[in-house]
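Undergrad: Quick one, upload_32.cif (mmCIF, N, CA and C atoms):
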data_entry
loop_
_atom_site.label_atom_id
_atom_site.label_comp_id
_atom_site.auth_asym_id
_atom_site.auth_seq_id
_atom_site.Cartn_x
_atom_site.Cartn_y
_atom_site.Cartn_z
N MET A 19 0.81 -1.19 0.00
CA MET A 19 0.00 0.00 0.00
C MET A 19 0.86 1.26 0.00
N VAL A 20 1.97 1.21 0.72
CA VAL A 20 2.87 2.36 0.79
C VAL A 20 3.44 2.65 -0.59
N PHE A 21 3.78 1.59 -1.34
CA PHE A 21 4.34 1.77 -2.68
C PHE A 21 3.34 2.44 -3.61
N LEU A 22 2.08 2.10 -3.47
CA LEU A 22 1.04 2.71 -4.30
C LEU A 22 0.92 4.21 -4.01
N ILE A 23 0.98 4.56 -2.75
CA ILE A 23 0.89 5.97 -2.36
C ILE A 23 2.11 6.74 -2.85
N LEU A 24 3.30 6.15 -2.69
CA LEU A 24 4.52 6.81 -3.17
C LEU A 24 4.51 6.98 -4.69
N SER A 25 4.02 5.98 -5.41
CA SER A 25 3.94 6.09 -6.86
C SER A 25 2.98 7.19 -7.27
N ALA A 26 1.85 7.26 -6.62
CA ALA A 26 0.88 8.31 -6.94
C ALA A 26 1.47 9.69 -6.66
N LEU A 27 2.18 9.83 -5.56
CA LEU A 27 2.80 11.12 -5.24
C LEU A 27 3.86 11.49 -6.27
N LEU A 28 4.65 10.51 -6.72
CA LEU A 28 5.66 10.78 -7.74
C LEU A 28 5.03 11.19 -9.06
N LEU A 29 3.90 10.57 -9.39
CA LEU A 29 3.22 10.93 -10.64
C LEU A 29 2.52 12.28 -10.54
N LEU A 30 2.27 12.75 -9.34
CA LEU A 30 1.67 14.07 -9.17
C LEU A 30 2.66 15.20 -9.47
N VAL A 31 3.95 14.93 -9.32
CA VAL A 31 4.96 15.97 -9.52
C VAL A 31 4.90 16.54 -10.94
N PRO A 32 4.97 15.72 -12.00
CA PRO A 32 4.87 16.32 -13.34
C PRO A 32 3.49 16.89 -13.64
N MET A 33 2.46 16.30 -13.05
CA MET A 33 1.11 16.83 -13.27
C MET A 33 0.98 18.25 -12.72
N ILE A 34 1.54 18.47 -11.54
CA ILE A 34 1.51 19.81 -10.94
C ILE A 34 2.44 20.75 -11.71
N ALA A 35 3.60 20.25 -12.13
CA ALA A 35 4.54 21.09 -12.87
C ALA A 35 3.94 21.56 -14.20
N MET A 36 3.12 20.73 -14.82
CA MET A 36 2.49 21.11 -16.08
C MET A 36 1.54 22.29 -15.91
N ARG A 37 1.03 22.49 -14.72
CA ARG A 37 0.13 23.61 -14.45
C ARG A 37 0.87 24.94 -14.38
N PHE A 38 2.18 24.89 -14.09
CA PHE A 38 2.93 26.11 -13.86
C PHE A 38 3.95 26.46 -14.93
N THR A 39 4.32 25.50 -15.78
CA THR A 39 5.32 25.77 -16.80
C THR A 39 4.99 25.00 -18.07
N SER A 40 5.40 25.55 -19.19
CA SER A 40 5.18 24.86 -20.46
C SER A 40 6.35 23.92 -20.79
N GLU A 41 7.39 23.91 -19.97
CA GLU A 41 8.54 23.04 -20.21
C GLU A 41 8.24 21.59 -19.88
N VAL A 42 7.26 21.33 -19.05
CA VAL A 42 6.83 19.97 -18.74
C VAL A 42 5.56 19.73 -19.53
N ASN A 43 5.63 18.81 -20.48
CA ASN A 43 4.49 18.54 -21.35
C ASN A 43 4.32 17.03 -21.48
N TRP A 44 3.68 16.42 -20.51
CA TRP A 44 3.47 14.99 -20.52
C TRP A 44 2.10 14.67 -21.09
N GLY A 45 2.04 13.60 -21.86
CA GLY A 45 0.77 13.09 -22.35
C GLY A 45 0.38 11.83 -21.57
N ALA A 46 -0.72 11.24 -21.97
CA ALA A 46 -1.19 10.02 -21.29
C ALA A 46 -0.17 8.90 -21.40
N GLU A 47 0.51 8.81 -22.56
CA GLU A 47 1.50 7.75 -22.73
C GLU A 47 2.70 7.94 -21.81
N ASP A 48 3.05 9.17 -21.51
CA ASP A 48 4.15 9.43 -20.58
C ASP A 48 3.79 8.99 -19.17
N PHE A 49 2.58 9.32 -18.75
CA PHE A 49 2.14 8.90 -17.42
C PHE A 49 2.00 7.38 -17.36
N GLY A 50 1.55 6.76 -18.44
CA GLY A 50 1.44 5.30 -18.48
C GLY A 50 2.80 4.63 -18.39
N ALA A 51 3.78 5.16 -19.13
CA ALA A 51 5.14 4.60 -19.08
C ALA A 51 5.75 4.78 -17.69
N ALA A 52 5.55 5.95 -17.10
CA ALA A 52 6.08 6.19 -15.75
C ALA A 52 5.43 5.26 -14.74
N ALA A 53 4.12 5.07 -14.86
CA ALA A 53 3.43 4.16 -13.94
C ALA A 53 3.92 2.73 -14.12
N ALA A 54 4.18 2.33 -15.37
CA ALA A 54 4.69 0.97 -15.62
C ALA A 54 6.08 0.78 -15.03
N VAL A 55 6.95 1.77 -15.21
CA VAL A 55 8.31 1.68 -14.66
C VAL A 55 8.25 1.64 -13.13
N LEU A 56 7.45 2.53 -12.53
CA LEU A 56 7.34 2.54 -11.07
C LEU A 56 6.72 1.25 -10.55
N GLY A 57 5.66 0.79 -11.18
CA GLY A 57 5.01 -0.44 -10.73
C GLY A 57 5.91 -1.65 -10.83
N THR A 58 6.62 -1.76 -11.95
CA THR A 58 7.55 -2.88 -12.12
C THR A 58 8.68 -2.81 -11.11
N GLY A 59 9.16 -1.61 -10.87
CA GLY A 59 10.23 -1.44 -9.88
C GLY A 59 9.78 -1.82 -8.48
N TRP A 60 8.61 -1.35 -8.08
CA TRP A 60 8.10 -1.67 -6.74
C TRP A 60 7.85 -3.17 -6.60
N LEU A 61 7.28 -3.78 -7.64
CA LEU A 61 7.03 -5.23 -7.57
C LEU A 61 8.34 -6.01 -7.51
N SER A 62 9.34 -5.56 -8.25
CA SER A 62 10.65 -6.23 -8.22
C SER A 62 11.29 -6.12 -6.84
N ILE A 63 11.19 -4.96 -6.24
CA ILE A 63 11.74 -4.79 -4.88
C ILE A 63 10.98 -5.68 -3.90
N GLU A 64 9.67 -5.72 -4.02
CA GLU A 64 8.87 -6.56 -3.11
C GLU A 64 9.26 -8.03 -3.27
N PHE A 65 9.41 -8.49 -4.51
CA PHE A 65 9.81 -9.87 -4.76
C PHE A 65 11.22 -10.12 -4.21
N GLY A 66 12.12 -9.17 -4.40
CA GLY A 66 13.47 -9.30 -3.88
C GLY A 66 13.51 -9.37 -2.37
N PHE A 67 12.64 -8.60 -1.72
CA PHE A 67 12.57 -8.65 -0.26
C PHE A 67 12.13 -10.02 0.23
N ARG A 68 11.26 -10.67 -0.53
CA ARG A 68 10.82 -12.01 -0.14
C ARG A 68 11.93 -13.05 -0.32
N LEU A 69 12.84 -12.79 -1.28
CA LEU A 69 13.94 -13.73 -1.51
C LEU A 69 15.10 -13.51 -0.55
N ALA A 70 15.39 -12.28 -0.23
CA ALA A 70 16.54 -11.95 0.61
C ALA A 70 16.12 -11.92 2.08
N SER A 71 16.93 -12.54 2.90
CA SER A 71 16.59 -12.56 4.33
C SER A 71 17.42 -11.55 5.12
N SER A 72 18.57 -11.16 4.59
CA SER A 72 19.42 -10.24 5.34
C SER A 72 19.15 -8.79 4.92
N GLY A 73 19.47 -7.90 5.79
CA GLY A 73 19.31 -6.48 5.49
C GLY A 73 20.21 -6.03 4.35
N ARG A 74 21.42 -6.59 4.31
CA ARG A 74 22.36 -6.21 3.24
C ARG A 74 21.85 -6.69 1.88
N GLY A 75 21.30 -7.90 1.84
CA GLY A 75 20.75 -8.41 0.59
C GLY A 75 19.59 -7.57 0.10
N ARG A 76 18.74 -7.16 1.01
CA ARG A 76 17.60 -6.31 0.64
C ARG A 76 18.06 -4.95 0.14
N LEU A 77 19.10 -4.42 0.77
CA LEU A 77 19.65 -3.14 0.34
C LEU A 77 20.23 -3.24 -1.07
N LEU A 78 20.97 -4.31 -1.33
CA LEU A 78 21.56 -4.50 -2.65
C LEU A 78 20.50 -4.69 -3.73
N ILE A 79 19.47 -5.46 -3.42
CA ILE A 79 18.38 -5.66 -4.38
C ILE A 79 17.66 -4.34 -4.64
N SER A 80 17.38 -3.58 -3.60
CA SER A 80 16.71 -2.30 -3.76
C SER A 80 17.55 -1.34 -4.60
N ALA A 81 18.85 -1.30 -4.33
CA ALA A 81 19.73 -0.41 -5.09
C ALA A 81 19.79 -0.82 -6.56
N ALA A 82 19.89 -2.12 -6.83
CA ALA A 82 19.96 -2.59 -8.22
C ALA A 82 18.67 -2.27 -8.98
N VAL A 83 17.54 -2.50 -8.35
CA VAL A 83 16.26 -2.21 -9.00
C VAL A 83 16.09 -0.71 -9.21
N ALA A 84 16.47 0.09 -8.22
CA ALA A 84 16.35 1.54 -8.34
C ALA A 84 17.24 2.07 -9.46
N LEU A 85 18.47 1.57 -9.57
CA LEU A 85 19.36 2.00 -10.65
C LEU A 85 18.82 1.60 -12.01
N ALA A 86 18.30 0.39 -12.11
CA ALA A 86 17.72 -0.05 -13.38
C ALA A 86 16.51 0.79 -13.77
N ALA A 87 15.66 1.09 -12.80
CA ALA A 87 14.47 1.90 -13.08
C ALA A 87 14.86 3.32 -13.48
N LEU A 88 15.83 3.90 -12.78
CA LEU A 88 16.28 5.25 -13.13
C LEU A 88 16.94 5.28 -14.50
N GLY A 89 17.72 4.26 -14.82
CA GLY A 89 18.35 4.18 -16.13
C GLY A 89 17.31 4.07 -17.24
N LEU A 90 16.31 3.23 -17.03
CA LEU A 90 15.25 3.10 -18.02
C LEU A 90 14.48 4.40 -18.16
N TRP A 91 14.18 5.05 -17.05
CA TRP A 91 13.44 6.31 -17.08
C TRP A 91 14.24 7.37 -17.85
N ALA A 92 15.55 7.44 -17.59
CA ALA A 92 16.39 8.42 -18.29
C ALA A 92 16.43 8.12 -19.79
N HIS A 93 16.52 6.84 -20.13
CA HIS A 93 16.54 6.50 -21.55
C HIS A 93 15.22 6.85 -22.23
N LEU A 94 14.11 6.58 -21.57
CA LEU A 94 12.82 6.94 -22.15
C LEU A 94 12.67 8.45 -22.28
N ALA A 95 13.29 9.19 -21.38
CA ALA A 95 13.16 10.65 -21.41
C ALA A 95 14.02 11.29 -22.50
N VAL A 96 15.28 10.87 -22.60
CA VAL A 96 16.20 11.56 -23.52
C VAL A 96 16.97 10.62 -24.43
N GLY A 97 16.80 9.32 -24.31
CA GLY A 97 17.49 8.38 -25.19
C GLY A 97 18.99 8.32 -24.96
N ILE A 98 19.41 7.85 -23.79
CA ILE A 98 20.85 7.86 -23.47
C ILE A 98 21.61 6.71 -24.11
N TRP A 99 20.91 5.67 -24.56
CA TRP A 99 21.57 4.56 -25.25
C TRP A 99 21.20 4.58 -26.73
N PRO A 100 22.16 4.38 -27.62
CA PRO A 100 21.84 4.38 -29.05
C PRO A 100 20.98 3.18 -29.41
N MET A 101 19.95 3.42 -30.18
CA MET A 101 19.02 2.36 -30.58
C MET A 101 18.90 2.28 -32.10
N ASP A 102 19.99 2.58 -32.82
CA ASP A 102 19.94 2.61 -34.27
C ASP A 102 20.19 1.24 -34.91
N GLY A 103 20.39 0.21 -34.11
CA GLY A 103 20.58 -1.14 -34.61
C GLY A 103 22.00 -1.44 -35.07
N GLY A 104 22.90 -0.51 -34.90
CA GLY A 104 24.27 -0.72 -35.41
C GLY A 104 25.25 -0.84 -34.38
#
Rewrite the structure of this file - the entire thing - as structure tokens.

TA:
Amino acid sequence: MVFLILSALLLLVPMIAMRFTSEVNWGAEDFGAAAAVLGTGWLSIEFGFRLASSGRGRLLISAAVALAALGLWAHLAVGIWPMDGG
């Protein structure tokens, strides 16, 4: 439940920013992609917590999932990895 609330709060940030500036221009597909990345990340962390019994293992799983989610988010935003097939 906490993850759902945090995801909703994170998705409110660009929605509120769109009201005050024209530099943030998200469409429905942007919010859908962000929700998918956040949801997959939260579910992966939850699954990892069930697999790891130690605090260090949970921390490592959380960090790995967070880095992967941030990397994917950055790529979707500005295309940091070349995707030209070559």

Undergrad: May I have all residues of chain A that DSSP, computed from the backbone, assigns to helix (DSSP H, G or I), given as a PDB file with N, CA and C atoms, in the coordinates of the input?

TA:
ATOM      1  N   VAL A  20       1.970   1.210   0.720  1.00  0.00           N
ATOM      2  CA  VAL A  20       2.870   2.360   0.790  1.00  0.00           C
ATOM      3  C   VAL A  20       3.440   2.650  -0.590  1.00  0.00           C
ATOM      4  N   PHE A  21       3.780   1.590  -1.340  1.00  0.00           N
ATOM      5  CA  PHE A  21       4.340   1.770  -2.680  1.00  0.00           C
ATOM      6  C   PHE A  21       3.340   2.440  -3.610  1.00  0.00           C
ATOM      7  N   LEU A  22       2.080   2.100  -3.470  1.00  0.00           N
ATOM      8  CA  LEU A  22       1.040   2.710  -4.300  1.00  0.00           C
ATOM      9  C   LEU A  22       0.920   4.210  -4.010  1.00  0.00           C
ATOM     10  N   ILE A  23       0.980   4.560  -2.750  1.00  0.00           N
ATOM     11  CA  ILE A  23       0.890   5.970  -2.360  1.00  0.00           C
ATOM     12  C   ILE A  23       2.110   6.740  -2.850  1.00  0.00           C
ATOM     13  N   LEU A  24       3.300   6.150  -2.690  1.00  0.00           N
ATOM     14  CA  LEU A  24       4.520   6.810  -3.170  1.00  0.00           C
ATOM     15  C   LEU A  24       4.510   6.980  -4.690  1.00  0.00           C
ATOM     16  N   SER A  25       4.020   5.980  -5.410  1.00  0.00           N
ATOM     17  CA  SER A  25       3.940   6.090  -6.860  1.00  0.00           C
ATOM     18  C   SER A  25       2.980   7.190  -7.270  1.00  0.00           C
ATOM     19  N   ALA A  26       1.850   7.260  -6.620  1.00  0.00           N
ATOM     20  CA  ALA A  26       0.880   8.310  -6.940  1.00  0.00           C
ATOM     21  C   ALA A  26       1.470   9.690  -6.660  1.00  0.00           C
ATOM     22  N   LEU A  27       2.180   9.830  -5.560  1.00  0.00           N
ATOM     23  CA  LEU A  27       2.800  11.120  -5.240  1.00  0.00           C
ATOM     24  C   LEU A  27       3.860  11.490  -6.270  1.00  0.00           C
ATOM     25  N   LEU A  28       4.650  10.510  -6.720  1.00  0.00           N
ATOM     26  CA  LEU A  28       5.660  10.780  -7.740  1.00  0.00           C
ATOM     27  C   LEU A  28       5.030  11.190  -9.060  1.00  0.00           C
ATOM     28  N   LEU A  29       3.900  10.570  -9.390  1.00  0.00           N
ATOM     29  CA  LEU A  29       3.220  10.930 -10.640  1.00  0.00           C
ATOM     30  C   LEU A  29       2.520  12.280 -10.540  1.00  0.00           C
ATOM     31  N   LEU A  30       2.270  12.750  -9.340  1.00  0.00           N
ATOM     32  CA  LEU A  30       1.670  14.070  -9.170  1.00  0.00           C
ATOM     33  C   LEU A  30       2.660  15.200  -9.470  1.00  0.00           C
ATOM     34  N   VAL A  31       3.950  14.930  -9.320  1.00  0.00           N
ATOM     35  CA  VAL A  31       4.960  15.970  -9.520  1.00  0.00           C
ATOM     36  C   VAL A  31       4.900  16.540 -10.940  1.00  0.00           C
ATOM     37  N   PRO A  32       4.970  15.720 -12.000  1.00  0.00           N
ATOM     38  CA  PRO A  32       4.870  16.320 -13.340  1.00  0.00           C
ATOM     39  C   PRO A  32       3.490  16.890 -13.640  1.00  0.00           C
ATOM     40  N   MET A  33       2.460  16.300 -13.050  1.00  0.00           N
ATOM     41  CA  MET A  33       1.110  16.830 -13.270  1.00  0.00           C
ATOM     42  C   MET A  33       0.980  18.250 -12.720  1.00  0.00           C
ATOM     43  N   ILE A  34       1.540  18.470 -11.540  1.00  0.00           N
ATOM     44  CA  ILE A  34       1.510  19.810 -10.940  1.00  0.00           C
ATOM     45  C   ILE A  34       2.440  20.750 -11.710  1.00  0.00           C
ATOM     46  N   ALA A  35       3.600  20.250 -12.130  1.00  0.00           N
ATOM     47  CA  ALA A  35       4.540  21.090 -12.870  1.00  0.00           C
ATOM     48  C   ALA A  35       3.940  21.560 -14.200  1.00  0.00           C
ATOM     49  N   MET A  36       3.120  20.730 -14.820  1.00  0.00           N
ATOM     50  CA  MET A  36       2.490  21.110 -16.080  1.00  0.00           C
ATOM     51  C   MET A  36       1.540  22.290 -15.910  1.00  0.00           C
ATOM     52  N   ARG A  37       1.030  22.490 -14.720  1.00  0.00           N
ATOM     53  CA  ARG A  37       0.130  23.610 -14.450  1.00  0.00           C
ATOM     54  C   ARG A  37       0.870  24.940 -14.380  1.00  0.00           C
ATOM     55  N   PHE A  38       2.180  24.890 -14.090  1.00  0.00           N
ATOM     56  CA  PHE A  38       2.930  26.110 -13.860  1.00  0.00           C
ATOM     57  C   PHE A  38       3.950  26.460 -14.930  1.00  0.00           C
ATOM     58  N   ALA A  46      -0.720  11.240 -21.970  1.00  0.00           N
ATOM     59  CA  ALA A  46      -1.190  10.020 -21.290  1.00  0.00           C
ATOM     60  C   ALA A  46      -0.170   8.900 -21.400  1.00  0.00           C
ATOM     61  N   GLU A  47       0.510   8.810 -22.560  1.00  0.00           N
ATOM     62  CA  GLU A  47       1.500   7.750 -22.730  1.00  0.00           C
ATOM     63  C   GLU A  47       2.700   7.940 -21.810  1.00  0.00           C
ATOM     64  N   ASP A  48       3.050   9.170 -21.510  1.00  0.00           N
ATOM     65  CA  ASP A  48       4.150   9.430 -20.580  1.00  0.00           C
ATOM     66  C   ASP A  48       3.790   8.990 -19.170  1.00  0.00           C
ATOM     67  N   PHE A  49       2.580   9.320 -18.750  1.00  0.00           N
ATOM     68  CA  PHE A  49       2.140   8.900 -17.420  1.00  0.00           C
ATOM     69  C   PHE A  49       2.000   7.380 -17.360  1.00  0.00           C
ATOM     70  N   GLY A  50       1.550   6.760 -18.440  1.00  0.00           N
ATOM     71  CA  GLY A  50       1.440   5.300 -18.480  1.00  0.00           C
ATOM     72  C   GLY A  50       2.800   4.630 -18.390  1.00  0.00           C
ATOM     73  N   ALA A  51       3.780   5.160 -19.130  1.00  0.00           N
ATOM     74  CA  ALA A  51       5.140   4.600 -19.080  1.00  0.00           C
ATOM     75  C   ALA A  51       5.750   4.780 -17.690  1.00  0.00           C
ATOM     76  N   ALA A  52       5.550   5.950 -17.100  1.00  0.00           N
ATOM     77  CA  ALA A  52       6.080   6.190 -15.750  1.00  0.00           C
ATOM     78  C   ALA A  52       5.430   5.260 -14.740  1.00  0.00           C
ATOM     79  N   ALA A  53       4.120   5.070 -14.860  1.00  0.00           N
ATOM     80  CA  ALA A  53       3.430   4.160 -13.940  1.00  0.00           C
ATOM     81  C   ALA A  53       3.920   2.730 -14.120  1.00  0.00           C
ATOM     82  N   ALA A  54       4.180   2.330 -15.370  1.00  0.00           N
ATOM     83  CA  ALA A  54       4.690   0.970 -15.620  1.00  0.00           C
ATOM     84  C   ALA A  54       6.080   0.780 -15.030  1.00  0.00           C
ATOM     85  N   VAL A  55       6.950   1.770 -15.210  1.00  0.00           N
ATOM     86  CA  VAL A  55       8.310   1.680 -14.660  1.00  0.00           C
ATOM     87  C   VAL A  55       8.250   1.640 -13.130  1.00  0.00           C
ATOM     88  N   LEU A  56       7.450   2.530 -12.530  1.00  0.00           N
ATOM     89  CA  LEU A  56       7.340   2.540 -11.070  1.00  0.00           C
ATOM     90  C   LEU A  56       6.720   1.250 -10.550  1.00  0.00           C
ATOM     91  N   GLY A  57       5.660   0.790 -11.180  1.00  0.00           N
ATOM     92  CA  GLY A  57       5.010  -0.440 -10.730  1.00  0.00           C
ATOM     93  C   GLY A  57       5.910  -1.650 -10.830  1.00  0.00           C
ATOM     94  N   THR A  58       6.620  -1.760 -11.950  1.00  0.00           N
ATOM     95  CA  THR A  58       7.550  -2.880 -12.120  1.00  0.00           C
ATOM     96  C   THR A  58       8.680  -2.810 -11.110  1.00  0.00           C
ATOM     97  N   GLY A  59       9.160  -1.610 -10.870  1.00  0.00           N
ATOM     98  CA  GLY A  59      10.230  -1.440  -9.880  1.00  0.00           C
ATOM     99  C   GLY A  59       9.780  -1.820  -8.480  1.00  0.00           C
ATOM    100  N   TRP A  60       8.610  -1.350  -8.080  1.00  0.00           N
ATOM    101  CA  TRP A  60       8.100  -1.670  -6.740  1.00  0.00           C
ATOM    102  C   TRP A  60       7.850  -3.170  -6.600  1.00  0.00           C
ATOM    103  N   LEU A  61       7.280  -3.780  -7.640  1.00  0.00           N
ATOM    104  CA  LEU A  61       7.030  -5.230  -7.570  1.00  0.00           C
ATOM    105  C   LEU A  61       8.340  -6.010  -7.510  1.00  0.00           C
ATOM    106  N   SER A  62       9.340  -5.560  -8.250  1.00  0.00           N
ATOM    107  CA  SER A  62      10.650  -6.230  -8.220  1.00  0.00           C
ATOM    108  C   SER A  62      11.290  -6.120  -6.840  1.00  0.00           C
ATOM    109  N   ILE A  63      11.190  -4.960  -6.240  1.00  0.00           N
ATOM    110  CA  ILE A  63      11.740  -4.790  -4.880  1.00  0.00           C
ATOM    111  C   ILE A  63      10.980  -5.680  -3.900  1.00  0.00           C
ATOM    112  N   GLU A  64       9.670  -5.720  -4.020  1.00  0.00           N
ATOM    113  CA  GLU A  64       8.870  -6.560  -3.110  1.00  0.00           C
ATOM    114  C   GLU A  64       9.260  -8.030  -3.270  1.00  0.00           C
ATOM    115  N   PHE A  65       9.410  -8.490  -4.510  1.00  0.00           N
ATOM    116  CA  PHE A  65       9.810  -9.870  -4.760  1.00  0.00           C
ATOM    117  C   PHE A  65      11.220 -10.120  -4.210  1.00  0.00           C
ATOM    118  N   GLY A  66      12.120  -9.170  -4.400  1.00  0.00           N
ATOM    119  CA  GLY A  66      13.470  -9.300  -3.880  1.00  0.00           C
ATOM    120  C   GLY A  66      13.510  -9.370  -2.370  1.00  0.00           C
ATOM    121  N   PHE A  67      12.640  -8.600  -1.720  1.00  0.00           N
ATOM    122  CA  PHE A  67      12.570  -8.650  -0.260  1.00  0.00           C
ATOM    123  C   PHE A  67      12.130 -10.020   0.230  1.00  0.00           C
ATOM    124  N   ARG A  68      11.260 -10.670  -0.530  1.00  0.00           N
ATOM    125  CA  ARG A  68      10.820 -12.010  -0.140  1.00  0.00           C
ATOM    126  C   ARG A  68      11.930 -13.050  -0.320  1.00  0.00           C
ATOM    127  N   LEU A  69      12.840 -12.790  -1.280  1.00  0.00           N
ATOM    128  CA  LEU A  69      13.940 -13.730  -1.510  1.00  0.00           C
ATOM    129  C   LEU A  69      15.100 -13.510  -0.550  1.00  0.00           C
ATOM    130  N   GLY A  73      19.470  -7.900   5.790  1.00  0.00           N
ATOM    131  CA  GLY A  73      19.310  -6.480   5.490  1.00  0.00           C
ATOM    132  C   GLY A  73      20.210  -6.030   4.350  1.00  0.00           C
ATOM    133  N   ARG A  74      21.420  -6.590   4.310  1.00  0.00           N
ATOM    134  CA  ARG A  74      22.360  -6.210   3.240  1.00  0.00           C
ATOM    135  C   ARG A  74      21.850  -6.690   1.880  1.00  0.00           C
ATOM    136  N   GLY A  75      21.300  -7.900   1.840  1.00  0.00           N
ATOM    137  CA  GLY A  75      20.750  -8.410   0.590  1.00  0.00           C
ATOM    138  C   GLY A  75      19.590  -7.570   0.100  1.00  0.00           C
ATOM    139  N   ARG A  76      18.740  -7.160   1.010  1.00  0.00           N
ATOM    140  CA  ARG A  76      17.600  -6.310   0.640  1.00  0.00           C
ATOM    141  C   ARG A  76      18.060  -4.950   0.140  1.00  0.00           C
ATOM    142  N   LEU A  77      19.100  -4.420   0.770  1.00  0.00           N
ATOM    143  CA  LEU A  77      19.650  -3.140   0.340  1.00  0.00           C
ATOM    144  C   LEU A  77      20.230  -3.240  -1.070  1.00  0.00           C
ATOM    145  N   LEU A  78      20.970  -4.310  -1.330  1.00  0.00           N
ATOM    146  CA  LEU A  78      21.560  -4.500  -2.650  1.00  0.00           C
ATOM    147  C   LEU A  78      20.500  -4.690  -3.730  1.00  0.00           C
ATOM    148  N   ILE A  79      19.470  -5.460  -3.420  1.00  0.00           N
ATOM    149  CA  ILE A  79      18.380  -5.660  -4.380  1.00  0.00           C
ATOM    150  C   ILE A  79      17.660  -4.340  -4.640  1.00  0.00           C
ATOM    151  N   SER A  80      17.380  -3.580  -3.600  1.00  0.00           N
ATOM    152  CA  SER A  80      16.710  -2.300  -3.760  1.00  0.00           C
ATOM    153  C   SER A  80      17.550  -1.340  -4.600  1.00  0.00           C
ATOM    154  N   ALA A  81      18.850  -1.300  -4.330  1.00  0.00           N
ATOM    155  CA  ALA A  81      19.730  -0.410  -5.090  1.00  0.00           C
ATOM    156  C   ALA A  81      19.790  -0.820  -6.560  1.00  0.00           C
ATOM    157  N   ALA A  82      19.890  -2.120  -6.830  1.00  0.00           N
ATOM    158  CA  ALA A  82      19.960  -2.590  -8.220  1.00  0.00           C
ATOM    159  C   ALA A  82      18.670  -2.270  -8.980  1.00  0.00           C
ATOM    160  N   VAL A  83      17.540  -2.500  -8.350  1.00  0.00           N
ATOM    161  CA  VAL A  83      16.260  -2.210  -9.000  1.00  0.00           C
ATOM    162  C   VAL A  83      16.090  -0.710  -9.210  1.00  0.00           C
ATOM    163  N   ALA A  84      16.470   0.090  -8.220  1.00  0.00           N
ATOM    164  CA  ALA A  84      16.350   1.540  -8.340  1.00  0.00           C
ATOM    165  C   ALA A  84      17.240   2.070  -9.460  1.00  0.00           C
ATOM    166  N   LEU A  85      18.470   1.570  -9.570  1.00  0.00           N
ATOM    167  CA  LEU A  85      19.360   2.000 -10.650  1.00  0.00           C
ATOM    168  C   LEU A  85      18.820   1.600 -12.010  1.00  0.00           C
ATOM    169  N   ALA A  86      18.300   0.390 -12.110  1.00  0.00           N
ATOM    170  CA  ALA A  86      17.720  -0.050 -13.380  1.00  0.00           C
ATOM    171  C   ALA A  86      16.510   0.790 -13.770  1.00  0.00           C
ATOM    172  N   ALA A  87      15.660   1.090 -12.800  1.00  0.00           N
ATOM    173  CA  ALA A  87      14.470   1.900 -13.080  1.00  0.00           C
ATOM    174  C   ALA A  87      14.860   3.320 -13.480  1.00  0.00           C
ATOM    175  N   LEU A  88      15.830   3.900 -12.780  1.00  0.00           N
ATOM    176  CA  LEU A  88      16.280   5.250 -13.130  1.00  0.00           C
ATOM    177  C   LEU A  88      16.940   5.280 -14.500  1.00  0.00           C
ATOM    178  N   GLY A  89      17.720   4.260 -14.820  1.00  0.00           N
ATOM    179  CA  GLY A  89      18.350   4.180 -16.130  1.00  0.00           C
ATOM    180  C   GLY A  89      17.310   4.070 -17.240  1.00  0.00           C
ATOM    181  N   LEU A  90      16.310   3.230 -17.030  1.00  0.00           N
ATOM    182  CA  LEU A  90      15.250   3.100 -18.020  1.00  0.00           C
ATOM    183  C   LEU A  90      14.480   4.400 -18.160  1.00  0.00           C
ATOM    184  N   TRP A  91      14.180   5.050 -17.050  1.00  0.00           N
ATOM    185  CA  TRP A  91      13.440   6.310 -17.080  1.00  0.00           C
ATOM    186  C   TRP A  91      14.240   7.370 -17.850  1.00  0.00           C
ATOM    187  N   ALA A  92      15.550   7.440 -17.590  1.00  0.00           N
ATOM    188  CA  ALA A  92      16.390   8.420 -18.290  1.00  0.00           C
ATOM    189  C   ALA A  92      16.430   8.120 -19.790  1.00  0.00           C
ATOM    190  N   HIS A  93      16.520   6.840 -20.130  1.00  0.00           N
ATOM    191  CA  HIS A  93      16.540   6.500 -21.550  1.00  0.00           C
ATOM    192  C   HIS A  93      15.220   6.850 -22.230  1.00  0.00           C
ATOM    193  N   LEU A  94      14.110   6.580 -21.570  1.00  0.00           N
ATOM    194  CA  LEU A  94      12.820   6.940 -22.150  1.00  0.00           C
ATOM    195  C   LEU A  94      12.670   8.450 -22.280  1.00  0.00           C
ATOM    196  N   ALA A  95      13.290   9.190 -21.380  1.00  0.00           N
ATOM    197  CA  ALA A  95      13.160  10.650 -21.410  1.00  0.00           C
ATOM    198  C   ALA A  95      14.020  11.290 -22.500  1.00  0.00           C
ATOM    199  N   VAL A  96      15.280  10.870 -22.600  1.00  0.00           N
ATOM    200  CA  VAL A  96      16.200  11.560 -23.520  1.00  0.00           C
ATOM    201  C   VAL A  96      16.970  10.620 -24.430  1.00  0.00           C
TER     202      VAL A  96
END

Undergrad: Restricting the calculation to all atoms listed in the file: of A:Ile23, A:Ile34, A:Ile79, A:Ala54, which residue gets closest to A:Phe67?

TA: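 Among the listed residues, A:Ile79 lies closest to A:Phe67.
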
Undergrad: Grab the atom C of A:Glu64 to atom CA of A:Val31 distance for me, in Å with one decimal place.

TA: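 Distance between the two atoms: 25.2 Å.
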
Undergrad: Calculate how many Å separate atom CA of A:Val83 from atom CA of A:Val42, rounding to one decimal.

TA: 26.0 Å

Undergrad: The PyMOL selection byres (((chain A and resi 57 and name CA) around 12) and name CA) on the file shown: which residues, as number ranges by chain?

TA: A: 19, 21-26, 28-29, 49-56, 58-64, 83-84, 87

Undergrad: One decimal, Å: what's the distance from atom CA of A:Ser72 over to atom N of A:Val20, could you say?

TA: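 Going from atom CA of A:Ser72 over to atom N of A:Val20 covers 21.4 Å.
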